[in-house]
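S.K.: Below is the file target.cif, with mmCIF, C-alpha atoms.
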data_final
#
loop_
_atom_site.group_PDB
_atom_site.id
_atom_site.type_symbol
_atom_site.label_atom_id
_atom_site.label_comp_id
_atom_site.auth_asym_id
_atom_site.auth_seq_id
_atom_site.Cartn_x
_atom_site.Cartn_y
_atom_site.Cartn_z
ATOM 1 C CA MET Y 1 -15.188 8.218 12.541
ATOM 2 C CA ASP Y 2 -18.595 7.866 10.976
ATOM 3 C CA ALA Y 3 -19.278 4.280 9.860
ATOM 4 C CA THR Y 4 -20.332 5.386 6.379
ATOM 5 C CA ILE Y 5 -17.100 7.291 5.797
ATOM 6 C CA GLU Y 6 -15.076 4.393 7.179
ATOM 7 C CA LEU Y 7 -16.878 1.959 4.887
ATOM 8 C CA ALA Y 8 -16.295 4.225 1.874
ATOM 9 C CA ILE Y 9 -12.568 4.461 2.631
ATOM 10 C CA VAL Y 10 -12.195 0.709 3.104
ATOM 11 C CA LEU Y 11 -14.171 -0.136 -0.025
ATOM 12 C CA SER Y 12 -12.156 2.361 -2.056
ATOM 13 C CA ILE Y 13 -8.960 0.651 -0.851
ATOM 14 C CA LEU Y 14 -10.375 -2.743 -1.825
ATOM 15 C CA ILE Y 15 -11.389 -1.535 -5.275
ATOM 16 C CA VAL Y 16 -8.509 0.799 -6.167
ATOM 17 C CA PHE Y 17 -5.396 -0.924 -4.785
ATOM 18 C CA PRO Y 18 -5.338 -4.123 -6.922
ATOM 19 C CA PRO Y 19 -5.394 -2.264 -10.283
ATOM 20 C CA VAL Y 20 -2.853 0.272 -9.009
ATOM 21 C CA ILE Y 21 -0.454 -2.439 -7.824
ATOM 22 C CA TRP Y 22 -0.950 -4.402 -11.034
ATOM 23 C CA GLY Y 23 -0.455 -1.288 -13.177
ATOM 24 C CA PHE Y 24 2.677 -0.282 -11.326
ATOM 25 C CA TYR Y 25 4.112 -3.756 -11.868
ATOM 26 C CA HIS Y 26 2.905 -4.012 -15.477
ATOM 27 C CA HIS Y 27 4.440 -0.649 -16.500
ATOM 28 C CA ARG Y 28 7.788 -1.240 -14.819
ATOM 29 C CA TYR Y 29 9.727 -0.589 -18.044
ATOM 30 C CA SER Y 30 8.459 2.902 -18.850
ATOM 31 C CA GLY Y 31 7.574 6.212 -17.270
ATOM 32 C CA LEU Y 32 7.820 6.973 -13.569
ATOM 33 C CA ALA Y 33 7.259 3.334 -12.636
ATOM 34 C CA GLY Y 34 10.133 2.287 -14.884
ATOM 35 C CA TYR Y 35 12.381 4.927 -13.383
ATOM 36 C CA LEU Y 36 11.564 3.800 -9.856
ATOM 37 C CA TRP Y 37 12.003 0.109 -10.724
ATOM 38 C CA ARG Y 38 15.461 0.843 -12.182
ATOM 39 C CA ARG Y 39 16.781 3.400 -9.714
ATOM 40 C CA HIS Y 40 14.943 2.581 -6.445
ATOM 41 C CA PRO Y 41 13.808 -1.055 -6.490
ATOM 42 C CA GLY Y 42 13.806 -1.238 -2.686
ATOM 43 C CA PHE Y 43 11.258 1.580 -2.530
ATOM 44 C CA VAL Y 44 9.035 -0.152 -5.072
ATOM 45 C CA PHE Y 45 9.085 -3.465 -3.202
ATOM 46 C CA VAL Y 46 8.318 -1.760 0.110
ATOM 47 C CA LEU Y 47 5.552 0.287 -1.513
ATOM 48 C CA MET Y 48 3.942 -2.791 -3.068
ATOM 49 C CA ALA Y 49 4.198 -4.729 0.204
ATOM 50 C CA PHE Y 50 2.626 -1.792 2.056
ATOM 51 C CA GLY Y 51 -0.218 -1.623 -0.462
ATOM 52 C CA THR Y 52 -0.800 -5.341 -0.168
ATOM 53 C CA ALA Y 53 -0.797 -5.165 3.638
ATOM 54 C CA LEU Y 54 -3.286 -2.286 3.576
ATOM 55 C CA TRP Y 55 -5.498 -4.204 1.170
ATOM 56 C CA THR Y 56 -5.370 -7.273 3.439
ATOM 57 C CA THR Y 57 -6.295 -5.166 6.461
ATOM 58 C CA ALA Y 58 -9.227 -3.640 4.571
ATOM 59 C CA ALA Y 59 -10.396 -7.092 3.433
ATOM 60 C CA LEU Y 60 -10.299 -8.317 7.031
ATOM 61 C CA TRP Y 61 -12.323 -5.302 8.137
ATOM 62 C CA VAL Y 62 -14.992 -5.990 5.520
ATOM 63 C CA ALA Y 63 -15.023 -9.726 6.345
ATOM 64 C CA GLY Y 64 -15.558 -8.858 9.997
ATOM 65 C CA ARG Y 65 -18.358 -6.393 9.261
ATOM 66 C CA ALA Y 66 -20.059 -8.848 6.923
ATOM 67 C CA GLY Y 67 -19.901 -11.623 9.519
ATOM 68 C CA ILE Y 68 -17.717 -13.904 7.407
ATOM 69 C CA LEU Y 69 -15.042 -14.097 10.109
ATOM 70 C CA SER Y 70 -15.606 -14.144 13.840
ATOM 71 C CA PRO Y 71 -14.576 -11.150 15.961
ATOM 72 C CA ALA Y 72 -11.890 -13.256 17.674
ATOM 73 C CA THR Y 73 -10.353 -14.156 14.312
ATOM 74 C CA ILE Y 74 -10.423 -10.531 13.200
ATOM 75 C CA GLU Y 75 -8.714 -9.511 16.431
ATOM 76 C CA ILE Y 76 -5.949 -12.082 15.951
ATOM 77 C CA PHE Y 77 -5.297 -11.078 12.344
ATOM 78 C CA SER Y 78 -5.502 -7.358 13.113
ATOM 79 C CA THR Y 79 -2.996 -7.719 15.915
ATOM 80 C CA ALA Y 80 -0.698 -9.802 13.717
ATOM 81 C CA LEU Y 81 -0.873 -7.271 10.861
ATOM 82 C CA SER Y 82 -0.537 -4.077 12.892
ATOM 83 C CA GLY Y 83 3.223 -4.411 13.431
ATOM 84 C CA PRO Y 84 4.147 -5.168 9.805
ATOM 85 C CA VAL Y 85 1.843 -2.414 8.512
ATOM 86 C CA ALA Y 86 3.472 0.124 10.845
ATOM 87 C CA LEU Y 87 6.974 -0.997 9.849
ATOM 88 C CA LEU Y 88 6.088 -0.901 6.157
ATOM 89 C CA ALA Y 89 4.646 2.605 6.560
ATOM 90 C CA ILE Y 90 7.906 3.804 8.103
ATOM 91 C CA ALA Y 91 9.971 1.956 5.484
ATOM 92 C CA THR Y 92 7.877 3.493 2.691
ATOM 93 C CA PHE Y 93 8.629 6.956 4.025
ATOM 94 C CA VAL Y 94 12.327 6.234 4.626
ATOM 95 C CA THR Y 95 12.870 4.778 1.146
ATOM 96 C CA GLY Y 96 10.457 7.133 -0.598
ATOM 97 C CA VAL Y 97 12.034 10.428 0.430
ATOM 98 C CA PRO Y 98 15.391 9.698 -1.283
ATOM 99 C CA ALA Y 99 13.524 8.422 -4.349
ATOM 100 C CA LEU Y 100 11.469 11.633 -4.489
ATOM 101 C CA ILE Y 101 14.534 13.836 -4.036
ATOM 102 C CA ASP Y 102 16.412 11.930 -6.742
ATOM 103 C CA TYR Y 103 13.453 12.152 -9.128
ATOM 104 C CA ARG Y 104 13.040 15.892 -8.547
ATOM 105 C CA ARG Y 105 16.757 16.452 -9.186
ATOM 106 C CA LEU Y 106 16.479 14.516 -12.424
ATOM 107 C CA ARG Y 107 13.456 16.556 -13.531
ATOM 108 C CA ALA Y 108 15.217 19.832 -12.614
ATOM 109 C CA ARG Y 109 18.153 18.948 -14.897
ATOM 110 C CA LYS Y 110 15.888 18.561 -17.922
#
Would you mind giving the structure from this file in structure tokens?
M.R.:
Amino acid sequence: MDATIELAIVLSILIVFPPVIWGFYHHRYSGLAGYLWRRHPGFVFVLMAFGTALWTTAALWVAGRAGILSPATIEIFSTALSGPVALLAIATFVTGVPALIDYRRLRARK
């Protein structure tokens, strides 16, 4: 992948994810977020953990590119985070599909 595109993706994750996670938590009593918090709290927790893990991975990438952390440290953290990120990605899909199906059924009834 081109380094410029990779940098743009990582920086967009670093900039966009914190307000999205905060907004999803802040609006947990209304709208779609409220529905998911009430009916599928497991999905919401997995989704927020996945977002946080992705943000941490992106921050490590930027710290490595900027020279803040050594390549050996980046390698250790990347290796340590790769398993949880993969498991959270699978868990997000597994818990998200029933939530999506349930939400679509609810919308179809209205």
S.K.: Could you give me, as JSON lines, a per-residue list for stretch 17-71 of chain Y showing, wherever an atom lies at most 8 Å from an atom of stretch 85-90 of chain Y, the closest pair of atoms and their distance in Å to one decimal, using all atoms listed in the file and sorting by chain then residue number from low to high?
M.R.:
{"residue": "Y:Val46", "atom": "CA", "partner": "Y:Leu88", "partner_atom": "CA", "distance": 6.5}
{"residue": "Y:Leu47", "atom": "CA", "partner": "Y:Leu88", "partner_atom": "CA", "distance": 7.8}
{"residue": "Y:Ala49", "atom": "CA", "partner": "Y:Leu88", "partner_atom": "CA", "distance": 7.3}
{"residue": "Y:Phe50", "atom": "CA", "partner": "Y:Leu88", "partner_atom": "CA", "distance": 5.4}
{"residue": "Y:Ala53", "atom": "CA", "partner": "Y:Val85", "partner_atom": "CA", "distance": 6.2}
{"residue": "Y:Leu54", "atom": "CA", "partner": "Y:Val85", "partner_atom": "CA", "distance": 7.1}
S.K.: So how far away is atom CA of Y:Leu81 from atom CA of Y:Thr57, in Å?
M.R.: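 Taking atom CA of Y:Thr57 as the start and atom CA of Y:Leu81 as the end point, the length is 7.3 Å.
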S.K.: Rank nothing, just name the residue among Y:Leu32, Y:Asp2, Y:Thr95, Y:Ala59 nearest to Y:Ile15, using all atoms listed in the file.
M.R.: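 The closest residue to Y:Ile15 is Y:Ala59.
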S.K.: In Å, rounded to a single decimal, give me how far atom CA of Y:Pro84 is from atom CA of Y:Ala33.
M.R.: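 Going from atom CA of Y:Ala33 over to atom CA of Y:Pro84, I get 24.2 Å.
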S.K.: Counting only C-alpha atoms, which residues sit no farther than 7 Å from the position (11.3, -3.0, 1.8) in the file's frame? I'd like them as number ranges by chain.
M.R.: Y: 42-43, 45-46, 91
S.K.: My list of candidates is Y:Tyr29, Y:Phe17, Y:Tyr103, Y:Phe93. Which is closest to Y:Thr56 when distances are computed with all atoms listed in the file?
M.R.: Y:Phe17
S.K.: What is the distance between atom CA of Y:Ser78 and atom CA of Y:Val62, in Å to one decimal?
M.R.: 12.2 Å
S.K.: From the options Y:Leu60, Y:His26, Y:Val97, Y:Thr92, which residue's atoms come nearest to Y:Phe77, counting only C-alpha atoms?
M.R.: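 Nearest to Y:Phe77: Y:Leu60.
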S.K.: Using only C-alpha atoms, can you tell me which of Y:Val44, Y:Ile68, Y:Leu7, Y:Tyr35 comes closest to Y:Arg107?
M.R.: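 For Y:Arg107, the nearest of the candidates is Y:Tyr35.
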S.K.: Identify the residues within 8 Å of coordinate (5.1, -1.9, -11.1) (same frame as the file), considering all atoms listed in the file, and give the answer as a CSV table (one decimal) with C-alpha atoms, in the coordinates of the input.
M.R.:
chain,number,residue,atom,x,y,z
Y,21,ILE,CA,-0.5,-2.4,-7.8
Y,22,TRP,CA,-1.0,-4.4,-11.0
Y,23,GLY,CA,-0.5,-1.3,-13.2
Y,24,PHE,CA,2.7,-0.3,-11.3
Y,25,TYR,CA,4.1,-3.8,-11.9
Y,26,HIS,CA,2.9,-4.0,-15.5
Y,27,HIS,CA,4.4,-0.6,-16.5
Y,28,ARG,CA,7.8,-1.2,-14.8
Y,33,ALA,CA,7.3,3.3,-12.6
Y,34,GLY,CA,10.1,2.3,-14.9
Y,37,TRP,CA,12.0,0.1,-10.7
Y,44,VAL,CA,9.0,-0.2,-5.1
S.K.: Restricting the calculation to all atoms listed in the file: of Y:Met48, Y:Trp55, Y:Trp61, Y:Leu36, which residue gets closest to Y:Asp102?
M.R.: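 Among Y:Met48, Y:Trp55, Y:Trp61, Y:Leu36, it is Y:Leu36 that comes nearest to Y:Asp102.
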S.K.: Please enclose the listed atoms of stretch 11-23 of chain Y in an axis-aligned box, pad each side by 4 Å, and write out the centre and the three edge lengths in Å, rounded to one decimal, as lines of an AutoDock Vina configuration file.
M.R.:
center_x = -7.3
center_y = -1.0
center_z = -6.6
size_x = 21.7
size_y = 14.8
size_z = 21.2
